[in-house]
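Asker: Input protein_2.cif, format and content: mmCIF, C-alpha atoms and all ligand atoms.
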```cif
data_work
#
loop_
_atom_site.group_PDB
_atom_site.id
_atom_site.type_symbol
_atom_site.label_atom_id
_atom_site.label_comp_id
_atom_site.auth_asym_id
_atom_site.auth_seq_id
_atom_site.Cartn_x
_atom_site.Cartn_y
_atom_site.Cartn_z
ATOM 1 C CA MET A 1088 105.056 -81.602 168.492
ATOM 2 C CA TYR A 1089 106.070 -85.287 168.586
ATOM 3 C CA ASN A 1090 105.191 -87.676 171.401
ATOM 4 C CA GLU A 1091 107.887 -89.446 173.408
ATOM 5 C CA LYS A 1092 107.484 -92.739 171.533
ATOM 6 C CA VAL A 1093 108.195 -91.036 168.206
ATOM 7 C CA PHE A 1094 111.259 -89.349 169.682
ATOM 8 C CA GLU A 1095 112.425 -92.652 171.143
ATOM 9 C CA HIS A 1096 112.309 -94.304 167.696
ATOM 10 C CA TYR A 1097 114.036 -91.251 166.231
ATOM 11 C CA ARG A 1098 116.843 -91.345 168.777
ATOM 12 C CA ASN A 1099 117.228 -95.148 168.657
ATOM 13 C CA PRO A 1100 115.933 -96.238 165.278
ATOM 14 C CA ARG A 1101 115.549 -100.002 164.915
ATOM 15 C CA ASN A 1102 116.981 -101.916 161.988
ATOM 16 C CA VAL A 1103 118.718 -99.090 160.161
ATOM 17 C CA GLY A 1104 120.965 -100.258 157.351
ATOM 18 C CA GLU A 1105 120.999 -102.643 154.443
ATOM 19 C CA ILE A 1106 120.571 -106.403 154.042
ATOM 20 C CA GLU A 1107 123.365 -107.628 151.807
ATOM 21 C CA ASP A 1108 121.528 -110.623 150.350
ATOM 22 C CA ALA A 1109 118.056 -109.094 150.486
ATOM 23 C CA ASP A 1110 115.190 -110.860 148.736
ATOM 24 C CA GLY A 1111 113.489 -107.548 148.000
ATOM 25 C CA ILE A 1112 114.656 -103.945 147.827
ATOM 26 C CA GLY A 1113 112.254 -101.051 147.528
ATOM 27 C CA VAL A 1114 112.561 -97.305 147.374
ATOM 28 C CA TYR A 1115 110.005 -94.568 147.370
ATOM 29 C CA MET A 1116 109.866 -90.800 147.303
ATOM 30 C CA SER A 1117 107.083 -88.864 148.976
ATOM 31 C CA ASP A 1118 104.936 -86.905 146.543
ATOM 32 C CA PHE A 1119 104.285 -84.518 149.365
ATOM 33 C CA CYS A 1120 107.802 -83.481 150.402
ATOM 34 C CA GLY A 1121 110.402 -85.318 148.278
ATOM 35 C CA ASP A 1122 111.797 -87.334 151.188
ATOM 36 C CA ILE A 1123 113.085 -90.790 150.249
ATOM 37 C CA THR A 1124 113.037 -94.109 152.120
ATOM 38 C CA LYS A 1125 114.559 -97.415 151.070
ATOM 39 C CA PHE A 1126 113.601 -100.834 152.475
ATOM 40 C CA TRP A 1127 115.359 -104.194 152.356
ATOM 41 C CA ILE A 1128 113.520 -107.423 153.211
ATOM 42 C CA LYS A 1129 114.635 -110.986 153.773
ATOM 43 C CA VAL A 1130 111.956 -113.624 153.232
ATOM 44 C CA ALA A 1131 111.983 -117.242 154.405
ATOM 45 C CA GLU A 1132 109.116 -119.669 153.814
ATOM 46 C CA GLY A 1133 106.909 -116.783 152.730
ATOM 47 C CA LYS A 1134 107.505 -114.724 155.865
ATOM 48 C CA ILE A 1135 109.535 -111.568 156.260
ATOM 49 C CA VAL A 1136 112.200 -112.579 158.732
ATOM 50 C CA GLU A 1137 114.252 -109.396 158.560
ATOM 51 C CA ALA A 1138 113.609 -105.831 157.432
ATOM 52 C CA LYS A 1139 115.977 -102.894 157.345
ATOM 53 C CA TYR A 1140 115.608 -99.358 156.102
ATOM 54 C CA LYS A 1141 117.333 -96.067 155.477
ATOM 55 C CA THR A 1142 115.689 -92.715 155.022
ATOM 56 C CA GLN A 1143 116.573 -89.263 153.814
ATOM 57 C CA GLY A 1144 113.786 -87.593 155.634
ATOM 58 C CA CYS A 1145 112.329 -85.991 158.699
ATOM 59 C CA VAL A 1146 112.050 -87.129 162.324
ATOM 60 C CA ALA A 1147 108.730 -88.811 161.556
ATOM 61 C CA SER A 1148 110.101 -90.687 158.549
ATOM 62 C CA VAL A 1149 112.879 -92.113 160.735
ATOM 63 C CA ALA A 1150 110.350 -93.156 163.391
ATOM 64 C CA CYS A 1151 107.882 -94.606 160.856
ATOM 65 C CA GLY A 1152 110.573 -96.653 159.112
ATOM 66 C CA SER A 1153 111.842 -97.882 162.463
ATOM 67 C CA VAL A 1154 108.471 -99.006 163.792
ATOM 68 C CA LEU A 1155 107.516 -100.538 160.442
ATOM 69 C CA THR A 1156 110.588 -102.810 160.476
ATOM 70 C CA GLU A 1157 109.195 -104.160 163.757
ATOM 71 C CA LEU A 1158 105.573 -104.406 162.587
ATOM 72 C CA VAL A 1159 106.483 -106.337 159.464
ATOM 73 C CA ARG A 1160 108.661 -108.980 161.066
ATOM 74 C CA ASN A 1161 107.234 -112.520 160.793
ATOM 75 C CA LYS A 1162 104.395 -111.336 158.566
ATOM 76 C CA THR A 1163 103.754 -112.987 155.217
ATOM 77 C CA VAL A 1164 104.289 -110.703 152.251
ATOM 78 C CA GLU A 1165 100.497 -110.575 151.803
ATOM 79 C CA GLU A 1166 100.068 -109.520 155.432
ATOM 80 C CA ALA A 1167 102.825 -106.934 154.989
ATOM 81 C CA LEU A 1168 100.879 -105.348 152.138
ATOM 82 C CA ARG A 1169 97.836 -105.090 154.400
ATOM 83 C CA ILE A 1170 99.629 -102.965 157.033
ATOM 84 C CA THR A 1171 97.945 -99.575 156.995
ATOM 85 C CA LYS A 1172 99.061 -96.108 157.877
ATOM 86 C CA GLU A 1173 96.710 -96.367 160.881
ATOM 87 C CA ASP A 1174 98.722 -99.399 162.073
ATOM 88 C CA VAL A 1175 101.938 -97.369 161.829
ATOM 89 C CA LEU A 1176 100.358 -94.372 163.548
ATOM 90 C CA ASP A 1177 98.925 -96.567 166.327
ATOM 91 C CA ALA A 1178 102.316 -98.198 166.883
ATOM 92 C CA LEU A 1179 103.855 -94.750 167.303
ATOM 93 C CA GLY A 1180 101.052 -93.339 169.439
ATOM 94 C CA GLY A 1181 100.140 -90.901 166.671
ATOM 95 C CA LEU A 1182 101.793 -88.186 164.602
ATOM 96 C CA PRO A 1183 100.911 -84.525 164.123
ATOM 97 C CA GLU A 1184 98.550 -84.018 161.176
ATOM 98 C CA PRO A 1185 101.175 -82.489 158.831
ATOM 99 C CA LYS A 1186 103.333 -85.595 159.380
ATOM 100 C CA ILE A 1187 100.758 -88.268 158.581
ATOM 101 C CA HIS A 1188 102.184 -88.611 155.067
ATOM 102 C CA CYS A 1189 105.512 -89.782 156.563
ATOM 103 C CA SER A 1190 103.814 -93.066 157.491
ATOM 104 C CA MET A 1191 102.839 -93.522 153.826
ATOM 105 C CA LEU A 1192 106.444 -93.007 152.728
ATOM 106 C CA ALA A 1193 107.553 -95.917 154.925
ATOM 107 C CA LEU A 1194 104.671 -98.104 153.739
ATOM 108 C CA ASP A 1195 105.211 -97.284 150.064
ATOM 109 C CA SER A 1196 108.900 -98.151 150.256
ATOM 110 C CA LEU A 1197 108.107 -101.422 152.062
ATOM 111 C CA SER A 1198 105.476 -102.231 149.396
ATOM 112 C CA ASP A 1199 108.053 -101.571 146.704
ATOM 113 C CA ALA A 1200 110.412 -104.046 148.402
ATOM 114 C CA VAL A 1201 107.584 -106.622 148.428
ATOM 115 C CA LEU A 1202 106.972 -105.884 144.737
ATOM 116 C CA ASP A 1203 110.666 -106.453 144.057
ATOM 117 C CA TYR A 1204 110.475 -109.782 145.907
ATOM 118 C CA LEU A 1205 107.374 -110.905 143.969
ATOM 119 C CA LEU A 1206 108.863 -109.944 140.596
ATOM 120 C CA LYS A 1207 112.097 -111.787 141.369
ATOM 121 C CA LYS A 1208 110.068 -114.880 142.245
ATOM 122 C CA GLY A 1209 108.081 -114.556 139.020
ATOM 123 C CA VAL A 1210 104.849 -114.117 140.961
ATOM 124 C CA SER A 1211 102.238 -111.689 139.657
ATOM 125 C CA ALA A 1212 102.068 -108.518 141.712
ATOM 126 C CA PRO A 1213 99.175 -106.131 142.363
ATOM 127 C CA ASP A 1214 98.829 -103.552 139.557
ATOM 128 C CA THR A 1215 98.784 -100.709 142.074
ATOM 129 C CA LEU A 1216 102.324 -101.555 143.186
ATOM 130 C CA VAL A 1217 103.587 -101.757 139.611
ATOM 131 C CA GLU A 1218 101.942 -98.427 138.755
ATOM 132 C CA LYS A 1219 103.483 -96.719 141.790
ATOM 133 C CA ARG A 1220 106.926 -98.002 140.846
ATOM 134 C CA GLU A 1221 106.552 -96.881 137.236
ATOM 135 C CA ARG A 1222 105.537 -93.419 138.387
ATOM 136 C CA ILE A 1223 108.347 -92.899 140.912
ATOM 137 C CA LYS A 1224 111.320 -94.700 139.340
ATOM 138 C CA PRO A 1225 111.914 -92.202 136.479
ATOM 139 C CA LEU A 1226 111.973 -89.357 139.009
ATOM 140 C CA LEU A 1227 114.584 -91.145 141.106
ATOM 141 C CA VAL A 1228 116.701 -91.937 138.038
ATOM 142 C CA GLU A 1229 116.505 -88.285 136.985
ATOM 143 C CA MET A 1230 117.624 -87.127 140.441
ATOM 144 C CA GLU A 1231 120.589 -89.509 140.379
ATOM 145 C CA LYS A 1232 121.578 -88.245 136.932
ATOM 146 C CA LYS A 1233 121.581 -84.728 138.326
ATOM 147 C CA GLY A 1234 124.058 -85.864 140.948
ATOM 148 C CA TYR A 1235 121.827 -86.228 143.990
ATOM 149 C CA VAL A 1236 123.022 -88.969 146.303
ATOM 150 C CA LEU A 1237 120.012 -91.127 147.102
ATOM 151 C CA ILE A 1238 120.385 -93.064 150.373
HETATM 152 S S1 LIG A 1301 108.127 -84.503 156.011
HETATM 153 FE FE1 LIG A 1301 107.935 -85.840 154.299
HETATM 154 S S2 LIG A 1301 108.422 -87.818 155.031
HETATM 155 FE FE2 LIG A 1301 108.344 -86.559 156.754
#
```
Could you render the structure as structure tokens?
Answerer:
Amino acid sequence: MYNEKVFEHYRNPRNVGEIEDADGIGVYMSDFCGDITKFWIKVAEGKIVEAKYKTQGCVASVACGSVLTELVRNKTVEEALRITKEDVLDALGGLPEPKIHCSMLALDSLSDAVLDYLLKKGVSAPDTLVEKRERIKPLLVEMEKKGYVLI
């Protein structure tokens, strides 16, 4: 059901792991399936110079996170927030319809890392990002309290 490019990113995911001195860390859980992805970004002179991710998710979530770490490199944080699910899908040569939401999981976790960066810098952030974080964070805290290991 997946094309060869998706499988290639799944078998050899780019930039998996953590950035120790990250400027922004974001995490998101899919409303659709409960899969979780976490993103770390390093920013220099307003540009994302490094991005890493980890996911507890499906084949497509691995591939989407992988390709997104490549798409976002050398983009400004504003440009990073303008990356769309269509950009991710195009970069992967498409995903089966039931897996389209996996691209949103990667994008939402990246956006949360950008939000984290903006808040740390004391820069105002788009309300939509703040609202998403406020909606998801309590769920993640609750899961951790119940003993789930998240990433
Ligand atoms: S099935 Fe939900 S992220 Fe892939």
Asker: Given the file shown, enumerate the residues that the PyMOL selection byres (((not hetatm)) within 7 of (chain A and resi 1301)) captures and present them as a list in words.
Answerer: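 In the shown coordinates, the PyMOL selection byres (((not hetatm)) within 7 of (chain A and resi 1301)) covers Ser1117, Phe1119, Cys1120, Gly1121, Asp1122, Gly1144, Cys1145, Val1146, Ala1147, Ser1148, Lys1186, His1188, Cys1189 and Leu1192 of chain A.
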Asker: Compile the contact shell of Val1103 (chain A) as a list in words: residues with an atom at most 12 Å away, counting only C-alpha atoms, same-chain residues fewer than 3 positions apart removed.
Answerer: His1096, Tyr1097, Arg1098, Asn1099, Pro1100, Ile1106, Thr1124, Lys1125, Phe1126, Trp1127, Glu1137, Ala1138, Lys1139, Tyr1140, Lys1141, Thr1142, Gln1143, Val1149, Ala1150, Cys1151, Gly1152, Ser1153, Val1154, Leu1155, Thr1156, Glu1157 and Ile1238 of chain A
Asker: For Glu1107 (chain A), which residue out of A:Lys1233, A:Arg1169, A:Lys1092, A:Lys1129 is the nearest one, using all atoms listed in the file?
Answerer: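 Checking each of A:Lys1233, A:Arg1169, A:Lys1092, A:Lys1129 against Glu1107 (chain A), counting all atoms listed in the file, the winner is A:Lys1129.
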Asker: Hey, can I get the axis-aligned box for region 1102-1118 of chain A? All listed atoms, 8 Å padding on each side, centre and edge lengths in Å to one decimal, as AutoDock Vina command-line options.
Answerer:
```
--center_x 114.2 --center_y -98.9 --center_z 154.3 --size_x 34.4 --size_y 40.0 --size_z 31.4
```
Asker: Taking the file as shown, what set of residues would the PyMOL selection byres (((chain A and resi 1212) around 12) and not hetatm) give back, as a ChimeraX atom specification?
Answerer: /A:1164-1165,1168,1198-1211,1213-1220
Asker: Counting only C-alpha atoms, which residue out of A:Arg1222, A:Arg1160, A:Arg1101, A:Lys1232 sits closest to Gly1133 (chain A)?
Answerer: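 With only C-alpha atoms as the atom set, the closest residue is A:Arg1160.
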Asker: Here is a test: counting all atoms listed in the file, which residue of A:Asp1177, A:Glu1166, A:Glu1132, A:Asp1118 is nearest to Val1093 (chain A)?
Answerer: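 Smallest distance to Val1093 (chain A) is found for A:Asp1177.
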Asker: Enter the distance from CA of Asp1195 (chain A) to CA of Leu1176 (chain A), in Å, rounded to one decimal.
Answerer: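 Separation between CA of Asp1195 (chain A) and CA of Leu1176 (chain A): 14.6 Å.
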Asker: Using only C-alpha atoms for the distances, tell me which of A:Val1236, A:Val1228, A:Ile1135, A:Ala1193 is nearest to Tyr1115 (chain A).
Answerer: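 Smallest distance to Tyr1115 (chain A) is found for A:Ala1193.
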Asker: CA of Ser1196 (chain A) to CA of Tyr1089 (chain A): how many Å, to one decimal?
Answerer: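 Straight-line distance from CA of Ser1196 (chain A) to CA of Tyr1089 (chain A) works out to 22.6 Å.
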Asker: Work out how far apart CA of Leu1227 (chain A) and CA of Ile1123 (chain A) are and give it in Å to one decimal.
Answerer: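 Computing it gives 9.3 Å between the two atoms.
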Asker: Go through A:Met1088, A:Leu1237, A:Val1114, A:Leu1194 one by one, measure the shortest atom-to-atom distance of each to Val1159 (chain A) using all atoms listed in the file, and give the residue with the smallest value.
Answerer: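 Distance minimum relative to Val1159 (chain A) lands on A:Leu1194.
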Asker: Kindly output region 1206-1233 of chain A as a PDB file, in the coordinates of the input, after building N, CA and C atoms.
Answerer:
```pdb
ATOM      1  N   LEU A1206     108.387-109.929 141.985  1.00  0.00           N
ATOM      2  CA  LEU A1206     108.863-109.944 140.596  1.00  0.00           C
ATOM      3  C   LEU A1206     110.046-110.901 140.437  1.00  0.00           C
ATOM      4  N   LYS A1207     110.944-110.876 141.428  1.00  0.00           N
ATOM      5  CA  LYS A1207     112.097-111.787 141.369  1.00  0.00           C
ATOM      6  C   LYS A1207     111.662-113.250 141.422  1.00  0.00           C
ATOM      7  N   LYS A1208     110.578-113.510 142.137  1.00  0.00           N
ATOM      8  CA  LYS A1208     110.068-114.880 142.245  1.00  0.00           C
ATOM      9  C   LYS A1208     109.212-115.260 141.039  1.00  0.00           C
ATOM     10  N   GLY A1209     108.927-114.288 140.179  1.00  0.00           N
ATOM     11  CA  GLY A1209     108.081-114.556 139.020  1.00  0.00           C
ATOM     12  C   GLY A1209     106.611-114.670 139.365  1.00  0.00           C
ATOM     13  N   VAL A1210     106.249-114.075 140.512  1.00  0.00           N
ATOM     14  CA  VAL A1210     104.849-114.117 140.961  1.00  0.00           C
ATOM     15  C   VAL A1210     104.169-112.824 140.519  1.00  0.00           C
ATOM     16  N   SER A1211     102.920-112.914 140.083  1.00  0.00           N
ATOM     17  CA  SER A1211     102.238-111.689 139.657  1.00  0.00           C
ATOM     18  C   SER A1211     102.006-110.782 140.863  1.00  0.00           C
ATOM     19  N   ALA A1212     102.161-109.495 140.628  1.00  0.00           N
ATOM     20  CA  ALA A1212     102.068-108.518 141.712  1.00  0.00           C
ATOM     21  C   ALA A1212     100.860-107.616 141.469  1.00  0.00           C
ATOM     22  N   PRO A1213     100.313-107.040 142.537  1.00  0.00           N
ATOM     23  CA  PRO A1213      99.175-106.131 142.363  1.00  0.00           C
ATOM     24  C   PRO A1213      99.525-104.966 141.427  1.00  0.00           C
ATOM     25  N   ASP A1214      98.602-104.638 140.516  1.00  0.00           N
ATOM     26  CA  ASP A1214      98.829-103.552 139.557  1.00  0.00           C
ATOM     27  C   ASP A1214      99.173-102.231 140.247  1.00  0.00           C
ATOM     28  N   THR A1215      98.547-101.993 141.397  1.00  0.00           N
ATOM     29  CA  THR A1215      98.784-100.709 142.074  1.00  0.00           C
ATOM     30  C   THR A1215     100.254-100.531 142.427  1.00  0.00           C
ATOM     31  N   LEU A1216     100.905-101.639 142.825  1.00  0.00           N
ATOM     32  CA  LEU A1216     102.324-101.555 143.186  1.00  0.00           C
ATOM     33  C   LEU A1216     103.177-101.275 141.951  1.00  0.00           C
ATOM     34  N   VAL A1217     102.834-101.956 140.854  1.00  0.00           N
ATOM     35  CA  VAL A1217     103.587-101.757 139.611  1.00  0.00           C
ATOM     36  C   VAL A1217     103.429-100.308 139.138  1.00  0.00           C
ATOM     37  N   GLU A1218     102.200 -99.808 139.207  1.00  0.00           N
ATOM     38  CA  GLU A1218     101.942 -98.427 138.755  1.00  0.00           C
ATOM     39  C   GLU A1218     102.708 -97.414 139.600  1.00  0.00           C
ATOM     40  N   LYS A1219     102.735 -97.638 140.910  1.00  0.00           N
ATOM     41  CA  LYS A1219     103.483 -96.719 141.790  1.00  0.00           C
ATOM     42  C   LYS A1219     104.955 -96.707 141.418  1.00  0.00           C
ATOM     43  N   ARG A1220     105.502 -97.908 141.197  1.00  0.00           N
ATOM     44  CA  ARG A1220     106.926 -98.002 140.846  1.00  0.00           C
ATOM     45  C   ARG A1220     107.197 -97.282 139.534  1.00  0.00           C
ATOM     46  N   GLU A1221     106.338 -97.498 138.550  1.00  0.00           N
ATOM     47  CA  GLU A1221     106.552 -96.881 137.236  1.00  0.00           C
ATOM     48  C   GLU A1221     106.475 -95.360 137.304  1.00  0.00           C
ATOM     49  N   ARG A1222     105.679 -94.878 138.247  1.00  0.00           N
ATOM     50  CA  ARG A1222     105.537 -93.419 138.387  1.00  0.00           C
ATOM     51  C   ARG A1222     106.756 -92.801 139.074  1.00  0.00           C
ATOM     52  N   ILE A1223     107.276 -93.491 140.095  1.00  0.00           N
ATOM     53  CA  ILE A1223     108.347 -92.899 140.912  1.00  0.00           C
ATOM     54  C   ILE A1223     109.744 -93.149 140.344  1.00  0.00           C
ATOM     55  N   LYS A1224     109.966 -94.328 139.761  1.00  0.00           N
ATOM     56  CA  LYS A1224     111.320 -94.700 139.340  1.00  0.00           C
ATOM     57  C   LYS A1224     111.972 -93.677 138.397  1.00  0.00           C
ATOM     58  N   PRO A1225     111.268 -93.182 137.362  1.00  0.00           N
ATOM     59  CA  PRO A1225     111.914 -92.202 136.479  1.00  0.00           C
ATOM     60  C   PRO A1225     112.369 -90.943 137.224  1.00  0.00           C
ATOM     61  N   LEU A1226     111.595 -90.546 138.226  1.00  0.00           N
ATOM     62  CA  LEU A1226     111.973 -89.357 139.009  1.00  0.00           C
ATOM     63  C   LEU A1226     113.273 -89.610 139.770  1.00  0.00           C
ATOM     64  N   LEU A1227     113.381 -90.810 140.349  1.00  0.00           N
ATOM     65  CA  LEU A1227     114.584 -91.145 141.106  1.00  0.00           C
ATOM     66  C   LEU A1227     115.794 -91.236 140.179  1.00  0.00           C
ATOM     67  N   VAL A1228     115.601 -91.828 139.011  1.00  0.00           N
ATOM     68  CA  VAL A1228     116.701 -91.937 138.038  1.00  0.00           C
ATOM     69  C   VAL A1228     117.155 -90.535 137.625  1.00  0.00           C
ATOM     70  N   GLU A1229     116.200 -89.672 137.381  1.00  0.00           N
ATOM     71  CA  GLU A1229     116.505 -88.285 136.985  1.00  0.00           C
ATOM     72  C   GLU A1229     117.308 -87.575 138.080  1.00  0.00           C
ATOM     73  N   MET A1230     116.904 -87.768 139.332  1.00  0.00           N
ATOM     74  CA  MET A1230     117.624 -87.127 140.441  1.00  0.00           C
ATOM     75  C   MET A1230     119.056 -87.635 140.525  1.00  0.00           C
ATOM     76  N   GLU A1231     119.231 -88.944 140.325  1.00  0.00           N
ATOM     77  CA  GLU A1231     120.589 -89.509 140.379  1.00  0.00           C
ATOM     78  C   GLU A1231     121.446 -88.952 139.246  1.00  0.00           C
ATOM     79  N   LYS A1232     120.836 -88.801 138.077  1.00  0.00           N
ATOM     80  CA  LYS A1232     121.578 -88.245 136.932  1.00  0.00           C
ATOM     81  C   LYS A1232     122.041 -86.821 137.222  1.00  0.00           C
ATOM     82  N   LYS A1233     121.225 -86.103 137.991  1.00  0.00           N
ATOM     83  CA  LYS A1233     121.581 -84.728 138.326  1.00  0.00           C
ATOM     84  C   LYS A1233     122.618 -84.659 139.441  1.00  0.00           C
TER      85      LYS A1233
END
```
